[in-house]
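Notes for the one structure printed next.
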Amino acid sequence: MAYDQRAHGESDAPKNGDYRIESMAEDLHAVVKSLGIDRFFLVGHSMAGTVVSAYQGRYPDTLAGVVYVDAVGDMSGLPRDAVEKVEKREAAPDYDTNEMVQDYERMVGPKARPATRQAVLESVSRFSPRAFAAIRRSMVRYDPKEDVERYRGPKLAVEAEGNDFPGMASKLPGVKKRTIPNVSHWLMLDDPAALDKALDAFFAGG
């Protein structure tokens, strides 16, 4: 089961401008309750890694395990001067869809399959630059350590081989790591079979 987070896909943007990670975790809980799910494996990609962390700290008893897919772990310790520089640029009135798409082009990187690149850039062209900036701002202000420690169950990070970003989820406490070679940040599009294999092994307790 997959859903669109607030301001993503076909979900509405919040009228109150609330893009806090904790609020997005409550959105997830609302989805879980509406579907009548008692216990499940939670999988999140990229920014959703912070939502995975926030959710497990609030509702640990609902989880059979968590998987971070090339996902953010802890960005709260990034150098403040670098963070402020990025936030100032993204808060500028001239930061528009074209600028945001260029940022995503850099994130896609050279290892992405052509179809992956096309799908990502087409999708992000429909995303709000204001929402993008607000979510990134929330991510660097969210400290996941206590939430991650509250959930004692199995945790896995499946990451693109060679991703050396310091805030990756594999660096969180208690999280095991597996890597997939020759893929971009959107590894589920580049090599879905490899990701499926890693997920199947994790679900089976391997």
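Residues in the structure tokens are named by chain (A, B, ... in the order shown) and by number from 1 within that chain; ligands are numbered from 1 in the order shown.
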
Show which residues sit within 8 Å of range 187-202 of chain A, as JSON, numbers by chain. Count only C-alpha atoms, and ignore same-chain residues fewer than 6 positions away. {"A": [70, 112, 113, 116, 156, 158, 159, 160, 178, 180]}

Please dump the current selection as a short mmCIF file (atom, residue, chain, number, x, y, z; two decimals), in the first residue's frame; keep N, CA and C atoms.
data_model
loop_
_atom_site.label_atom_id
_atom_site.label_comp_id
_atom_site.auth_asym_id
_atom_site.auth_seq_id
_atom_site.Cartn_x
_atom_site.Cartn_y
_atom_site.Cartn_z
N ASP A 70 17.39 4.30 0.55
CA ASP A 70 18.25 5.45 0.26
C ASP A 70 17.65 6.70 0.89
N ALA A 112 21.56 7.17 -12.97
CA ALA A 112 20.14 6.90 -13.21
C ALA A 112 19.90 6.39 -14.62
N ARG A 113 18.99 5.44 -14.75
CA ARG A 113 18.55 4.99 -16.07
C ARG A 113 17.81 6.14 -16.75
N THR A 116 14.34 6.47 -15.55
CA THR A 116 14.28 6.98 -14.18
C THR A 116 14.38 8.49 -14.18
N LEU A 156 16.25 -1.75 8.65
CA LEU A 156 17.18 -1.95 7.53
C LEU A 156 17.25 -0.69 6.68
N VAL A 158 18.45 0.20 2.87
CA VAL A 158 18.91 -0.25 1.56
C VAL A 158 19.33 1.00 0.79
N GLU A 159 20.62 1.09 0.48
CA GLU A 159 21.14 2.33 -0.08
C GLU A 159 21.90 2.11 -1.38
N ALA A 160 21.95 3.15 -2.18
CA ALA A 160 22.74 3.12 -3.41
C ALA A 160 24.22 3.03 -3.04
N ARG A 178 22.32 -2.50 3.67
CA ARG A 178 22.61 -3.24 2.45
C ARG A 178 22.72 -2.23 1.32
N ILE A 180 23.04 -1.48 -3.06
CA ILE A 180 22.77 -1.94 -4.41
C ILE A 180 23.68 -1.17 -5.35
#

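By chain and then residue number, the residues within 12 Å of Arg80 in chain A are Met75, Lys85, Val86, Glu87, Lys88, Arg137, Val140 and Arg141 of chain A, counting only C-alpha atoms and disregarding those fewer than 5 positions away in sequence.
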
Save the residues we just selected, C-alpha atoms, as a PDB file, in the first residue's frame?
ATOM      1  CA  MET A  75      20.165  15.945   9.134  1.00  0.00           C
ATOM      2  CA  LYS A  85      22.934  29.082   2.663  1.00  0.00           C
ATOM      3  CA  VAL A  86      20.620  26.507   1.069  1.00  0.00           C
ATOM      4  CA  GLU A  87      17.571  27.772   2.958  1.00  0.00           C
ATOM      5  CA  LYS A  88      18.246  31.365   1.944  1.00  0.00           C
ATOM      6  CA  ARG A 137      13.597  23.131   6.340  1.00  0.00           C
ATOM      7  CA  VAL A 140      17.089  19.634   9.175  1.00  0.00           C
ATOM      8  CA  ARG A 141      15.249  20.682  12.341  1.00  0.00           C
TER       9      ARG A 141
END

Determine, counting only C-alpha atoms, which protein, DNA and RNA residues have an atom within 8 Å of an atom of Val124 in chain A; residues of the same chain fewer than 6 positions away are not included. Present the result as a ChimeraX atom specification. /A:100-101,104

Requested write-out: C-alpha atoms of the selected residues, as an mmCIF file, in the first residue's frame:
data_model
loop_
_atom_site.group_PDB
_atom_site.id
_atom_site.type_symbol
_atom_site.label_atom_id
_atom_site.label_comp_id
_atom_site.auth_asym_id
_atom_site.auth_seq_id
_atom_site.Cartn_x
_atom_site.Cartn_y
_atom_site.Cartn_z
ATOM 1 C CA MET A 100 13.893 23.139 -8.226
ATOM 2 C CA VAL A 101 14.040 20.843 -11.261
ATOM 3 C CA TYR A 104 16.598 17.388 -8.737
#

All residues 12 Å or closer to Glu149 in chain A, only C-alpha atoms, same chain fewer than 2 positions away omitted, as a ChimeraX atom specification: /A:53-58,60,143-147,151-155,172-175

Within range 20-182 of chain A, find each residue whose DSSP state, derived from the backbone, is alpha helix (DSSP H), and express the selection as JSON, numbers by chain. {"A": [21, 22, 23, 24, 25, 26, 27, 28, 29, 30, 31, 32, 33, 34, 35, 48, 49, 50, 51, 52, 53, 54, 55, 56, 57, 58, 80, 81, 82, 83, 84, 85, 86, 87, 88, 89, 90, 91, 97, 98, 99, 100, 101, 102, 103, 104, 105, 106, 107, 108, 114, 115, 116, 117, 118, 119, 120, 121, 122, 123, 124, 129, 130, 131, 132, 133, 134, 135, 136, 137, 138, 139, 140, 141, 145, 146, 147, 148, 149, 150]}

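For Glu90 in chain A, the set of protein, DNA and RNA residues having any atom at most 10 Å away, when counting only C-alpha atoms and skipping those fewer than 5 positions along the same chain, is Glu84, Lys85, Tyr95, Asp96, Glu99, Met100, Pro129, Arg130, Phe132, Ala133, Ala134, Arg136 and Arg137 of chain A.
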
Output of the above residues as a compact mmCIF listing (two decimals), in the first residue's frame, restricted to C-alpha atoms:
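Below is the file that was written, again.txt:
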# COMPACT_ATOMS: atom_id res chain seq x y z
CA GLU A 84 21.42 28.49 6.09
CA LYS A 85 22.93 29.08 2.66
CA TYR A 95 13.34 30.13 -6.50
CA ASP A 96 10.86 28.60 -8.91
CA GLU A 99 15.40 26.04 -10.14
CA MET A 100 13.89 23.14 -8.23
CA PRO A 129 8.88 24.84 -4.82
CA ARG A 130 7.43 26.37 -1.63
CA PHE A 132 9.88 21.54 -1.29
CA ALA A 133 11.69 24.30 0.60
CA ALA A 134 9.43 23.99 3.66
CA ARG A 136 13.66 20.51 3.58
CA ARG A 137 13.60 23.13 6.34

Looking only at the backbone, which of the residues in range 54-121 of chain A does DSSP tag as strand (DSSP E), as an MDAnalysis selection string? chainID A and resid 63:69
